[in-house]
>>> print(open('model07.pdb').read())   # PDB, C-alpha atoms and all ligand atoms
ATOM      1  CA  MET A   1      77.478 -19.863  44.708  1.00  0.00           C
ATOM      2  CA  SER A   2      80.517 -18.448  42.947  1.00  0.00           C
ATOM      3  CA  VAL A   3      80.464 -17.930  39.172  1.00  0.00           C
ATOM      4  CA  VAL A   4      82.707 -20.968  38.680  1.00  0.00           C
ATOM      5  CA  GLU A   5      80.432 -23.124  40.856  1.00  0.00           C
ATOM      6  CA  THR A   6      77.390 -21.888  38.945  1.00  0.00           C
ATOM      7  CA  VAL A   7      79.009 -22.835  35.636  1.00  0.00           C
ATOM      8  CA  VAL A   8      80.029 -26.273  36.951  1.00  0.00           C
ATOM      9  CA  VAL A   9      76.512 -26.932  38.268  1.00  0.00           C
ATOM     10  CA  ALA A  10      75.008 -25.784  34.949  1.00  0.00           C
ATOM     11  CA  VAL A  11      77.146 -28.201  32.903  1.00  0.00           C
ATOM     12  CA  TRP A  12      76.616 -31.028  35.426  1.00  0.00           C
ATOM     13  CA  LEU A  13      72.836 -30.615  35.388  1.00  0.00           C
ATOM     14  CA  MET A  14      72.666 -30.411  31.599  1.00  0.00           C
ATOM     15  CA  LEU A  15      74.936 -33.388  30.812  1.00  0.00           C
ATOM     16  CA  PRO A  16      71.919 -35.784  30.633  1.00  0.00           C
ATOM     17  CA  ALA A  17      70.384 -33.338  28.116  1.00  0.00           C
ATOM     18  CA  TYR A  18      73.605 -32.887  26.119  1.00  0.00           C
ATOM     19  CA  VAL A  19      74.494 -36.535  25.452  1.00  0.00           C
ATOM     20  CA  PRO A  20      71.160 -37.529  23.817  1.00  0.00           C
ATOM     21  CA  ASN A  21      72.013 -35.497  20.693  1.00  0.00           C
ATOM     22  CA  ASN A  22      75.419 -37.098  20.376  1.00  0.00           C
ATOM     23  CA  ALA A  23      74.038 -40.588  20.987  1.00  0.00           C
ATOM     24  CA  ALA A  24      71.356 -39.950  18.339  1.00  0.00           C
ATOM     25  CA  VAL A  25      74.020 -38.965  15.796  1.00  0.00           C
ATOM     26  CA  LEU A  26      76.122 -42.035  16.682  1.00  0.00           C
ATOM     27  CA  PHE A  27      73.356 -44.641  16.807  1.00  0.00           C
ATOM     28  CA  GLY A  28      70.590 -43.051  14.710  1.00  0.00           C
ATOM     29  CA  GLY A  29      69.236 -44.423  11.476  1.00  0.00           C
ATOM     30  CA  GLY A  30      66.450 -46.680  10.304  1.00  0.00           C
ATOM     31  CA  THR A  31      62.759 -45.883  10.449  1.00  0.00           C
ATOM     32  CA  PRO A  32      62.019 -42.164  10.657  1.00  0.00           C
ATOM     33  CA  VAL A  33      59.771 -41.017  13.527  1.00  0.00           C
ATOM     34  CA  ASP A  34      57.268 -39.607  11.014  1.00  0.00           C
ATOM     35  CA  PHE A  35      57.317 -42.900   9.011  1.00  0.00           C
ATOM     36  CA  GLY A  36      57.972 -40.817   5.903  1.00  0.00           C
ATOM     37  CA  ARG A  37      54.676 -38.962   6.162  1.00  0.00           C
ATOM     38  CA  GLU A  38      54.181 -35.458   4.841  1.00  0.00           C
ATOM     39  CA  TRP A  39      52.061 -32.613   6.107  1.00  0.00           C
ATOM     40  CA  ARG A  40      51.198 -29.605   3.959  1.00  0.00           C
ATOM     41  CA  GLY A  41      53.639 -30.548   1.237  1.00  0.00           C
ATOM     42  CA  SER A  42      56.716 -31.370   3.277  1.00  0.00           C
ATOM     43  CA  ARG A  43      57.859 -34.062   5.675  1.00  0.00           C
ATOM     44  CA  VAL A  44      56.461 -33.872   9.207  1.00  0.00           C
ATOM     45  CA  LEU A  45      59.965 -34.230  10.736  1.00  0.00           C
ATOM     46  CA  GLY A  46      62.211 -35.657   8.025  1.00  0.00           C
ATOM     47  CA  ASP A  47      64.687 -38.527   7.735  1.00  0.00           C
ATOM     48  CA  GLY A  48      67.026 -36.927  10.303  1.00  0.00           C
ATOM     49  CA  LYS A  49      64.729 -37.898  13.221  1.00  0.00           C
ATOM     50  CA  THR A  50      64.639 -41.663  13.721  1.00  0.00           C
ATOM     51  CA  TRP A  51      63.164 -43.932  16.389  1.00  0.00           C
ATOM     52  CA  ARG A  52      66.521 -45.573  16.976  1.00  0.00           C
ATOM     53  CA  GLY A  53      68.277 -42.216  17.357  1.00  0.00           C
ATOM     54  CA  GLY A  54      65.604 -41.012  19.780  1.00  0.00           C
ATOM     55  CA  ALA A  55      65.672 -44.206  21.842  1.00  0.00           C
ATOM     56  CA  ALA A  56      69.480 -44.215  21.945  1.00  0.00           C
ATOM     57  CA  GLY A  57      69.451 -40.575  23.016  1.00  0.00           C
ATOM     58  CA  VAL A  58      66.988 -41.041  25.868  1.00  0.00           C
ATOM     59  CA  THR A  59      68.795 -44.197  27.035  1.00  0.00           C
ATOM     60  CA  ALA A  60      72.195 -42.491  26.997  1.00  0.00           C
ATOM     61  CA  GLY A  61      70.932 -39.410  28.877  1.00  0.00           C
ATOM     62  CA  VAL A  62      69.164 -41.425  31.581  1.00  0.00           C
ATOM     63  CA  ALA A  63      72.157 -43.760  31.948  1.00  0.00           C
ATOM     64  CA  LEU A  64      74.517 -40.826  32.414  1.00  0.00           C
ATOM     65  CA  ALA A  65      72.234 -39.242  35.032  1.00  0.00           C
ATOM     66  CA  LEU A  66      72.231 -42.571  36.889  1.00  0.00           C
ATOM     67  CA  VAL A  67      76.030 -42.655  36.893  1.00  0.00           C
ATOM     68  CA  GLN A  68      76.168 -39.019  38.074  1.00  0.00           C
ATOM     69  CA  THR A  69      73.660 -39.731  40.826  1.00  0.00           C
ATOM     70  CA  PHE A  70      75.626 -42.801  41.878  1.00  0.00           C
ATOM     71  CA  ALA A  71      78.753 -40.622  42.123  1.00  0.00           C
ATOM     72  CA  VAL A  72      76.960 -38.101  44.356  1.00  0.00           C
ATOM     73  CA  VAL A  73      75.169 -40.614  46.578  1.00  0.00           C
ATOM     74  CA  GLU A  74      78.177 -42.925  47.019  1.00  0.00           C
ATOM     75  CA  GLY A  75      80.468 -39.993  47.743  1.00  0.00           C
ATOM     76  CA  PHE A  76      82.777 -40.626  44.781  1.00  0.00           C
ATOM     77  CA  LEU A  77      83.150 -36.913  44.100  1.00  0.00           C
ATOM     78  CA  PRO A  78      85.919 -34.857  45.707  1.00  0.00           C
ATOM     79  CA  ASP A  79      84.853 -32.656  48.637  1.00  0.00           C
ATOM     80  CA  SER A  80      85.332 -29.592  46.431  1.00  0.00           C
ATOM     81  CA  LEU A  81      82.417 -30.801  44.289  1.00  0.00           C
ATOM     82  CA  SER A  82      80.072 -31.608  47.158  1.00  0.00           C
ATOM     83  CA  PHE A  83      77.655 -28.923  45.920  1.00  0.00           C
ATOM     84  CA  LEU A  84      76.685 -31.001  42.841  1.00  0.00           C
ATOM     85  CA  PRO A  85      73.104 -32.277  42.982  1.00  0.00           C
ATOM     86  CA  ALA A  86      71.844 -35.804  42.314  1.00  0.00           C
ATOM     87  CA  PHE A  87      69.096 -36.543  39.762  1.00  0.00           C
ATOM     88  CA  GLU A  88      65.660 -37.835  40.659  1.00  0.00           C
ATOM     89  CA  PRO A  89      64.534 -40.607  38.266  1.00  0.00           C
ATOM     90  CA  LEU A  90      61.875 -38.396  36.684  1.00  0.00           C
ATOM     91  CA  ALA A  91      64.395 -35.550  36.367  1.00  0.00           C
ATOM     92  CA  ALA A  92      66.784 -37.848  34.499  1.00  0.00           C
ATOM     93  CA  LEU A  93      63.986 -38.890  32.159  1.00  0.00           C
ATOM     94  CA  GLY A  94      62.781 -35.301  31.741  1.00  0.00           C
ATOM     95  CA  LEU A  95      66.201 -33.968  30.753  1.00  0.00           C
ATOM     96  CA  ALA A  96      66.947 -36.750  28.245  1.00  0.00           C
ATOM     97  CA  LEU A  97      63.465 -37.108  26.749  1.00  0.00           C
ATOM     98  CA  GLY A  98      62.974 -33.343  26.714  1.00  0.00           C
ATOM     99  CA  ALA A  99      66.219 -32.845  24.784  1.00  0.00           C
ATOM    100  CA  ILE A 100      65.136 -35.356  22.125  1.00  0.00           C
ATOM    101  CA  LEU A 101      61.608 -33.902  21.898  1.00  0.00           C
ATOM    102  CA  GLY A 102      62.978 -30.361  21.685  1.00  0.00           C
ATOM    103  CA  ASP A 103      65.206 -31.409  18.796  1.00  0.00           C
ATOM    104  CA  MET A 104      62.211 -32.994  17.058  1.00  0.00           C
ATOM    105  CA  GLY A 105      60.111 -29.896  17.690  1.00  0.00           C
ATOM    106  CA  ALA A 106      62.780 -27.825  15.959  1.00  0.00           C
ATOM    107  CA  SER A 107      62.777 -30.191  12.965  1.00  0.00           C
ATOM    108  CA  PHE A 108      58.984 -29.830  12.801  1.00  0.00           C
ATOM    109  CA  VAL A 109      59.369 -26.028  12.666  1.00  0.00           C
ATOM    110  CA  LYS A 110      62.209 -26.324  10.127  1.00  0.00           C
ATOM    111  CA  ARG A 111      60.079 -28.422   7.781  1.00  0.00           C
ATOM    112  CA  ARG A 112      57.158 -25.992   8.120  1.00  0.00           C
ATOM    113  CA  THR A 113      59.440 -23.081   7.218  1.00  0.00           C
ATOM    114  CA  GLY A 114      60.826 -24.730   4.076  1.00  0.00           C
ATOM    115  CA  ARG A 115      64.174 -25.807   5.521  1.00  0.00           C
ATOM    116  CA  GLU A 116      65.393 -29.139   4.170  1.00  0.00           C
ATOM    117  CA  ARG A 117      66.906 -31.821   6.387  1.00  0.00           C
ATOM    118  CA  GLY A 118      70.252 -30.598   7.668  1.00  0.00           C
ATOM    119  CA  ALA A 119      69.629 -26.930   6.849  1.00  0.00           C
ATOM    120  CA  PRO A 120      70.966 -24.674   9.596  1.00  0.00           C
ATOM    121  CA  PHE A 121      68.576 -22.707  11.779  1.00  0.00           C
ATOM    122  CA  PRO A 122      70.866 -20.491  13.862  1.00  0.00           C
ATOM    123  CA  GLY A 123      69.794 -20.134  17.460  1.00  0.00           C
ATOM    124  CA  VAL A 124      67.160 -22.845  17.212  1.00  0.00           C
ATOM    125  CA  ASP A 125      69.740 -25.588  16.490  1.00  0.00           C
ATOM    126  CA  GLN A 126      71.695 -24.571  19.590  1.00  0.00           C
ATOM    127  CA  LEU A 127      68.848 -24.179  22.062  1.00  0.00           C
ATOM    128  CA  ASP A 128      65.955 -26.408  20.917  1.00  0.00           C
ATOM    129  CA  PHE A 129      67.020 -29.291  23.147  1.00  0.00           C
ATOM    130  CA  VAL A 130      67.639 -26.968  26.127  1.00  0.00           C
ATOM    131  CA  VAL A 131      64.108 -25.586  25.954  1.00  0.00           C
ATOM    132  CA  GLY A 132      62.741 -29.122  25.535  1.00  0.00           C
ATOM    133  CA  ALA A 133      64.737 -30.392  28.512  1.00  0.00           C
ATOM    134  CA  PHE A 134      63.614 -27.468  30.711  1.00  0.00           C
ATOM    135  CA  VAL A 135      59.929 -27.811  29.817  1.00  0.00           C
ATOM    136  CA  VAL A 136      59.677 -31.600  30.164  1.00  0.00           C
ATOM    137  CA  THR A 137      61.708 -31.681  33.397  1.00  0.00           C
ATOM    138  CA  ALA A 138      59.689 -28.827  34.881  1.00  0.00           C
ATOM    139  CA  ILE A 139      56.569 -30.899  34.187  1.00  0.00           C
ATOM    140  CA  LEU A 140      57.855 -34.338  35.269  1.00  0.00           C
ATOM    141  CA  ALA A 141      59.956 -33.270  38.275  1.00  0.00           C
ATOM    142  CA  SER A 142      58.757 -29.736  39.142  1.00  0.00           C
ATOM    143  CA  GLU A 143      60.004 -29.547  42.697  1.00  0.00           C
ATOM    144  CA  TRP A 144      63.482 -30.832  41.825  1.00  0.00           C
ATOM    145  CA  PHE A 145      63.654 -28.617  38.738  1.00  0.00           C
ATOM    146  CA  PHE A 146      62.893 -25.316  40.471  1.00  0.00           C
ATOM    147  CA  GLU A 147      65.191 -26.184  43.374  1.00  0.00           C
ATOM    148  CA  VAL A 148      68.327 -26.875  41.317  1.00  0.00           C
ATOM    149  CA  PHE A 149      67.739 -24.670  38.262  1.00  0.00           C
ATOM    150  CA  THR A 150      68.045 -21.290  39.938  1.00  0.00           C
ATOM    151  CA  VAL A 151      67.929 -18.153  37.785  1.00  0.00           C
ATOM    152  CA  GLU A 152      71.754 -17.995  37.808  1.00  0.00           C
ATOM    153  CA  VAL A 153      72.075 -21.611  36.652  1.00  0.00           C
ATOM    154  CA  VAL A 154      69.502 -21.111  33.884  1.00  0.00           C
ATOM    155  CA  VAL A 155      71.375 -18.017  32.647  1.00  0.00           C
ATOM    156  CA  ALA A 156      74.661 -19.979  32.697  1.00  0.00           C
ATOM    157  CA  VAL A 157      73.040 -22.799  30.688  1.00  0.00           C
ATOM    158  CA  LEU A 158      71.672 -20.379  28.076  1.00  0.00           C
ATOM    159  CA  VAL A 159      75.076 -18.709  27.672  1.00  0.00           C
ATOM    160  CA  LEU A 160      77.248 -21.856  27.732  1.00  0.00           C
ATOM    161  CA  THR A 161      75.170 -24.295  25.711  1.00  0.00           C
ATOM    162  CA  PRO A 162      75.403 -22.621  22.290  1.00  0.00           C
ATOM    163  CA  ALA A 163      79.192 -22.462  22.650  1.00  0.00           C
ATOM    164  CA  LEU A 164      79.480 -26.114  23.762  1.00  0.00           C
ATOM    165  CA  HIS A 165      77.077 -27.186  21.022  1.00  0.00           C
ATOM    166  CA  VAL A 166      79.047 -25.435  18.279  1.00  0.00           C
ATOM    167  CA  ILE A 167      82.294 -27.013  19.518  1.00  0.00           C
ATOM    168  CA  THR A 168      80.968 -30.594  19.844  1.00  0.00           C
ATOM    169  CA  ASN A 169      79.156 -30.465  16.494  1.00  0.00           C
ATOM    170  CA  PHE A 170      82.283 -29.202  14.769  1.00  0.00           C
ATOM    171  CA  ILE A 171      84.227 -32.105  16.278  1.00  0.00           C
ATOM    172  CA  ALA A 172      81.502 -34.579  15.183  1.00  0.00           C
ATOM    173  CA  TYR A 173      81.629 -33.073  11.681  1.00  0.00           C
ATOM    174  CA  ARG A 174      85.405 -33.362  11.459  1.00  0.00           C
ATOM    175  CA  LEU A 175      85.196 -36.965  12.680  1.00  0.00           C
ATOM    176  CA  GLY A 176      82.760 -37.642   9.823  1.00  0.00           C
ATOM    177  CA  LEU A 177      79.870 -38.413  12.181  1.00  0.00           C
ATOM    178  CA  LYS A 178      77.725 -35.482  11.031  1.00  0.00           C
ATOM    179  CA  ASP A 179      77.167 -34.196   7.496  1.00  0.00           C
ATOM    180  CA  GLU A 180      77.149 -30.524   8.497  1.00  0.00           C
ATOM    181  CA  PRO A 181      79.082 -28.657  11.191  1.00  0.00           C
ATOM    182  CA  TRP A 182      75.821 -27.500  12.961  1.00  0.00           C
TER
HETATM  183  N1  LIG A 201      69.418 -38.496  14.502  1.00  0.00           N
HETATM  184  C1  LIG A 201      68.508 -39.562  14.586  1.00  0.00           C
HETATM  185  N2  LIG A 201      67.402 -39.456  15.390  1.00  0.00           N
HETATM  186  C2  LIG A 201      67.173 -38.336  16.118  1.00  0.00           C
HETATM  187  C3  LIG A 201      68.077 -37.245  16.040  1.00  0.00           C
HETATM  188  C4  LIG A 201      69.190 -37.361  15.218  1.00  0.00           C
HETATM  189  O1  LIG A 201      68.705 -40.583  13.938  1.00  0.00           O
HETATM  190  N3  LIG A 201      66.073 -38.296  16.903  1.00  0.00           N
HETATM  191  C5  LIG A 201      70.608 -38.651  13.627  1.00  0.00           C
HETATM  192  C6  LIG A 201      70.256 -38.535  12.144  1.00  0.00           C
HETATM  193  O2  LIG A 201      71.106 -39.391  11.438  1.00  0.00           O
HETATM  194  C7  LIG A 201      70.579 -37.068  11.853  1.00  0.00           C
HETATM  195  C8  LIG A 201      71.815 -36.836  12.714  1.00  0.00           C
HETATM  196  O3  LIG A 201      71.571 -37.634  13.886  1.00  0.00           O
HETATM  197  O4  LIG A 201      70.805 -36.836  10.484  1.00  0.00           O
HETATM  198  C9  LIG A 201      72.063 -35.388  13.054  1.00  0.00           C
HETATM  199  O5  LIG A 201      71.015 -34.866  13.841  1.00  0.00           O
HETATM  200  P1  LIG A 201      70.362 -33.445  13.533  1.00  0.00           P
HETATM  201  O6  LIG A 201      71.389 -32.448  13.167  1.00  0.00           O
HETATM  202  O7  LIG A 201      69.459 -33.140  14.664  1.00  0.00           O
HETATM  203  O8  LIG A 201      69.428 -33.799  12.255  1.00  0.00           O
HETATM  204  P2  LIG A 201      69.463 -33.257  10.754  1.00  0.00           P
HETATM  205  O9  LIG A 201      69.824 -34.394   9.849  1.00  0.00           O
HETATM  206  O10 LIG A 201      70.248 -32.007  10.675  1.00  0.00           O
HETATM  207  O11 LIG A 201      67.930 -32.946  10.462  1.00  0.00           O
HETATM  208  P3  LIG A 201      67.086 -31.634  10.860  1.00  0.00           P
HETATM  209  O12 LIG A 201      67.243 -30.669   9.726  1.00  0.00           O
HETATM  210  O13 LIG A 201      65.712 -32.158  10.974  1.00  0.00           O
HETATM  211  O14 LIG A 201      67.619 -31.122  12.153  1.00  0.00           O
HETATM  212 MG    MG A 202      71.112 -30.767  11.929  1.00  0.00          MG
END
>>> encode(input="model07.pdb", output="structure tokens")
Amino acid sequence: MSVVETVVVAVWLMLPAYVPNNAAVLFGGGTPVDFGREWRGSRVLGDGKTWRGGAAGVTAGVALALVQTFAVVEGFLPDSLSFLPAFEPLAALGLALGAILGDMGASFVKRRTGRERGAPFPGVDQLDFVVGAFVVTAILASEWFFEVFTVEVVVAVLVLTPALHVITNFIAYRLGLKDEPW
């Protein structure tokens, strides 16, 4: 694969892990996942992680993977993009659910390290959902995961994601959807 193809595959494969965050920001709110409970003097996850946001995120990610798979299987993509893979059902779920769980895992660590809701945690904020998506997908759809996520694609994801994340969060902040630009 050429570098450009590798980058295109990386973004394509990660789209179902990227949209859950945005859907959670758009549709989140209501009951927090930790039901307001504290552990060792601070919130388990905090008010920024809600059931509705998580459910919206997983739904959006899986729905997008379905649309992408439909495009591949039905031949809706141009011939020049014939190298793009389809998503197995468990891969779609793994990417979306893993992204949401990774984000919650980061909030858990943030609360344990004295960071209030919304406090920045450079590096972690940009890659928590990537690590979550990789781990959960590798567990739920191992064969698919190791076939499509070659070393080159994983490197491309790790390089591209922080940049894409910074850009989309800045846009969400300027649109008034997020309280902080991270
Ligand atoms: N959100 C949600 N449910 C989730 C994830 C996000 O409702 N599972 C919503 C919340 O309104 C949250 C916003 O999306 O405030 C932004 O998400 P994020 O930056 O991940 O949360 P923070 O508020 O910054 O909280 P934390 O410090 O725990 O990351
Ligand atoms: Mg945040």
>>> closest_atom_pairs(input="model07.pdb", of="chain A", to="ligand MG 202 (chain A)", cutoff="9 Å", atoms="all atoms listed in the file", output="JSON lines")
{"residue": "A:Gly48", "atom": "CA", "partner": "A:MG202", "partner_atom": "MG", "distance": 7.6}
{"residue": "A:Ser107", "atom": "CA", "partner": "A:MG202", "partner_atom": "MG", "distance": 8.4}
{"residue": "A:Arg117", "atom": "CA", "partner": "A:MG202", "partner_atom": "MG", "distance": 7.0}
{"residue": "A:Gly118", "atom": "CA", "partner": "A:MG202", "partner_atom": "MG", "distance": 4.4}
{"residue": "A:Ala119", "atom": "CA", "partner": "A:MG202", "partner_atom": "MG", "distance": 6.5}
{"residue": "A:Pro120", "atom": "CA", "partner": "A:MG202", "partner_atom": "MG", "distance": 6.5}
{"residue": "A:Phe121", "atom": "CA", "partner": "A:MG202", "partner_atom": "MG", "distance": 8.5}
{"residue": "A:Asp125", "atom": "CA", "partner": "A:MG202", "partner_atom": "MG", "distance": 7.0}
{"residue": "A:Lys178", "atom": "CA", "partner": "A:MG202", "partner_atom": "MG", "distance": 8.2}
{"residue": "A:Asp179", "atom": "CA", "partner": "A:MG202", "partner_atom": "MG", "distance": 8.3}
{"residue": "A:Glu180", "atom": "CA", "partner": "A:MG202", "partner_atom": "MG", "distance": 6.9}
{"residue": "A:Pro181", "atom": "CA", "partner": "A:MG202", "partner_atom": "MG", "distance": 8.3}
{"residue": "A:Trp182", "atom": "CA", "partner": "A:MG202", "partner_atom": "MG", "distance": 5.8}
>>> write_last_selection(input="model07.pdb", atoms="C-alpha atoms", output="compact mmCIF listing (two decimals), keeping the file's coordinate frame")
# COMPACT_ATOMS: atom_id res chain seq x y z
CA GLY A 48 67.03 -36.93 10.30
CA SER A 107 62.78 -30.19 12.96
CA ARG A 117 66.91 -31.82 6.39
CA GLY A 118 70.25 -30.60 7.67
CA ALA A 119 69.63 -26.93 6.85
CA PRO A 120 70.97 -24.67 9.60
CA PHE A 121 68.58 -22.71 11.78
CA ASP A 125 69.74 -25.59 16.49
CA LYS A 178 77.72 -35.48 11.03
CA ASP A 179 77.17 -34.20 7.50
CA GLU A 180 77.15 -30.52 8.50
CA PRO A 181 79.08 -28.66 11.19
CA TRP A 182 75.82 -27.50 12.96
>>> residues_around(input="model07.pdb", residues="segment 3-18 of chain A", least_positions_apart="2", cutoff="6 Å", atoms="all atoms listed in the file", output="PyMOL selection string")
chain A and resi 1+20+61+64-65+95-96+99+153+156-157
>>> closest_residue(input="model07.pdb", among="A:Thr168, A:Asn21, A:Ser80, A:Thr69", to="Asp103 of chain A", atoms="only C-alpha atoms")
A:Asn21
>>> axis_aligned_box(input="model07.pdb", around="ligand LIG 201 (chain A)", padding_each_side="4 Å", output="AutoDock Vina command-line options")
--center_x 68.9 --center_y -35.6 --center_z 13.3 --size_x 14.4 --size_y 17.9 --size_z 15.2
>>> closest_residue(input="model07.pdb", among="A:Arg52, A:Arg40, A:Glu143, A:Val58", to="Glu88 of chain A", atoms="only C-alpha atoms")
A:Glu143
>>> closest_residue(input="model07.pdb", among="A:His165, A:Phe146, A:Val130, A:Ala91", to="Asn22 of chain A", atoms="all atoms listed in the file")
A:His165
>>> resolve_selection(input="model07.pdb", expression="the PyMOL selection byres (((chain A and resi 36) around 12) and not hetatm)", output="ChimeraX atom specification")
/A:30-35,37-39,42-50
>>> resolve_selection(input="model07.pdb", expression="the PyMOL selection byres (((chain A and resi 126) around 8) and not hetatm)", output="PyMOL selection string")
chain A and resi 122-125+127-129+161-162+165-166
>>> atom_distance(input="model07.pdb", atom1="atom CA of Ala92 of chain A", atom2="atom O1 of ligand LIG 201 (chain A)")
20.8 Å
>>> atom_distance(input="model07.pdb", atom1="atom P2 of ligand LIG 201 (chain A)", atom2="atom CA of Gly132 of chain A")
16.8 Å
>>> residues_around(input="model07.pdb", residues="Val136 of chain A", least_positions_apart="2", cutoff="7 Å", atoms="only C-alpha atoms", output="ChimeraX atom specification")
/A:94-95,98,132-134,138-140
>>> atom_distance(input="model07.pdb", atom1="atom CA of Leu97 of chain A", atom2="atom O2 of ligand LIG 201 (chain A)")
17.3 Å
>>> closest_residue(input="model07.pdb", among="A:Leu93, A:Leu26, A:Val148, A:Leu158", to="Ala172 of chain A", atoms="only C-alpha atoms")
A:Leu26
>>> resolve_selection(input="model07.pdb", expression="the PyMOL selection byres (((chain A and resi 27) around 7) and not hetatm)", output="count of residues only")
9
>>> residues_around(input="model07.pdb", residues="Ala141 of chain A", least_positions_apart="4", cutoff="7 Å", atoms="all atoms listed in the file", output="PyMOL selection string")
chain A and resi 90-91+137+145
>>> closest_residue(input="model07.pdb", among="A:Ser2, A:Thr150, A:Ser142, A:Thr113", to="ligand LIG 201 (chain A)", atoms="only C-alpha atoms and all ligand atoms")
A:Thr113
>>> closest_residue(input="model07.pdb", among="A:Ala163, A:Leu177, A:Ala60, A:Val19", to="ligand LIG 201 (chain A)", atoms="all atoms listed in the file")
A:Leu177
>>> residues_around(input="model07.pdb", residues="Leu66 of chain A", least_positions_apart="4", cutoff="8 Å", atoms="all atoms listed in the file", output="VMD selection string")
chain A and resid 62 70 87 92
>>> write_last_selection(input="model07.pdb", atoms="C-alpha atoms", output="PDB file, keeping the file's coordinate frame")
ATOM      1  CA  VAL A  62      69.164 -41.425  31.581  1.00  0.00           C
ATOM      2  CA  PHE A  70      75.626 -42.801  41.878  1.00  0.00           C
ATOM      3  CA  PHE A  87      69.096 -36.543  39.762  1.00  0.00           C
ATOM      4  CA  ALA A  92      66.784 -37.848  34.499  1.00  0.00           C
TER       5      ALA A  92
END
>>> decode(input="model07.pdb", residues="segment 159-175 of chain A", atoms="N, CA and C atoms", output="PDB file, in the first residue's frame")
ATOM      1  N   VAL A 159      -0.550   8.612  14.506  1.00  0.00           N
ATOM      2  CA  VAL A 159      -0.030   9.922  14.102  1.00  0.00           C
ATOM      3  C   VAL A 159      -1.170  10.882  13.742  1.00  0.00           C
ATOM      4  N   LEU A 160      -2.159  10.361  13.003  1.00  0.00           N
ATOM      5  CA  LEU A 160      -3.247  11.214  12.486  1.00  0.00           C
ATOM      6  C   LEU A 160      -4.285  11.606  13.523  1.00  0.00           C
ATOM      7  N   THR A 161      -4.620  10.656  14.408  1.00  0.00           N
ATOM      8  CA  THR A 161      -5.747  10.878  15.314  1.00  0.00           C
ATOM      9  C   THR A 161      -5.599  12.114  16.197  1.00  0.00           C
ATOM     10  N   PRO A 162      -4.442  12.316  16.856  1.00  0.00           N
ATOM     11  CA  PRO A 162      -4.344  13.507  17.697  1.00  0.00           C
ATOM     12  C   PRO A 162      -4.597  14.786  16.902  1.00  0.00           C
ATOM     13  N   ALA A 163      -4.103  14.846  15.676  1.00  0.00           N
ATOM     14  CA  ALA A 163      -4.307  16.038  14.849  1.00  0.00           C
ATOM     15  C   ALA A 163      -5.787  16.217  14.520  1.00  0.00           C
ATOM     16  N   LEU A 164      -6.450  15.134  14.069  1.00  0.00           N
ATOM     17  CA  LEU A 164      -7.874  15.201  13.739  1.00  0.00           C
ATOM     18  C   LEU A 164      -8.713  15.565  14.964  1.00  0.00           C
ATOM     19  N   HIS A 165      -8.322  15.008  16.109  1.00  0.00           N
ATOM     20  CA  HIS A 165      -9.053  15.226  17.350  1.00  0.00           C
ATOM     21  C   HIS A 165      -8.974  16.689  17.775  1.00  0.00           C
ATOM     22  N   VAL A 166      -7.776  17.262  17.694  1.00  0.00           N
ATOM     23  CA  VAL A 166      -7.590  18.667  18.055  1.00  0.00           C
ATOM     24  C   VAL A 166      -8.440  19.558  17.147  1.00  0.00           C
ATOM     25  N   ILE A 167      -8.441  19.249  15.847  1.00  0.00           N
ATOM     26  CA  ILE A 167      -9.198  20.065  14.887  1.00  0.00           C
ATOM     27  C   ILE A 167     -10.709  19.965  15.148  1.00  0.00           C
ATOM     28  N   THR A 168     -11.239  18.727  15.279  1.00  0.00           N
ATOM     29  CA  THR A 168     -12.690  18.592  15.456  1.00  0.00           C
ATOM     30  C   THR A 168     -13.148  19.180  16.796  1.00  0.00           C
ATOM     31  N   ASN A 169     -12.336  19.008  17.849  1.00  0.00           N
ATOM     32  CA  ASN A 169     -12.741  19.558  19.142  1.00  0.00           C
ATOM     33  C   ASN A 169     -12.719  21.074  19.126  1.00  0.00           C
ATOM     34  N   PHE A 170     -11.786  21.655  18.396  1.00  0.00           N
ATOM     35  CA  PHE A 170     -11.734  23.111  18.299  1.00  0.00           C
ATOM     36  C   PHE A 170     -12.982  23.620  17.570  1.00  0.00           C
ATOM     37  N   ILE A 171     -13.380  22.896  16.523  1.00  0.00           N
ATOM     38  CA  ILE A 171     -14.590  23.271  15.789  1.00  0.00           C
ATOM     39  C   ILE A 171     -15.818  23.148  16.707  1.00  0.00           C
ATOM     40  N   ALA A 172     -15.901  22.031  17.457  1.00  0.00           N
ATOM     41  CA  ALA A 172     -17.031  21.832  18.381  1.00  0.00           C
ATOM     42  C   ALA A 172     -17.059  22.925  19.442  1.00  0.00           C
ATOM     43  N   TYR A 173     -15.900  23.354  19.894  1.00  0.00           N
ATOM     44  CA  TYR A 173     -15.796  24.425  20.890  1.00  0.00           C
ATOM     45  C   TYR A 173     -16.285  25.748  20.309  1.00  0.00           C
ATOM     46  N   ARG A 174     -15.836  26.050  19.101  1.00  0.00           N
ATOM     47  CA  ARG A 174     -16.250  27.306  18.464  1.00  0.00           C
ATOM     48  C   ARG A 174     -17.742  27.315  18.130  1.00  0.00           C
ATOM     49  N   LEU A 175     -18.300  26.131  17.896  1.00  0.00           N
ATOM     50  CA  LEU A 175     -19.740  26.036  17.615  1.00  0.00           C
ATOM     51  C   LEU A 175     -20.551  26.074  18.914  1.00  0.00           C
TER      52      LEU A 175
END
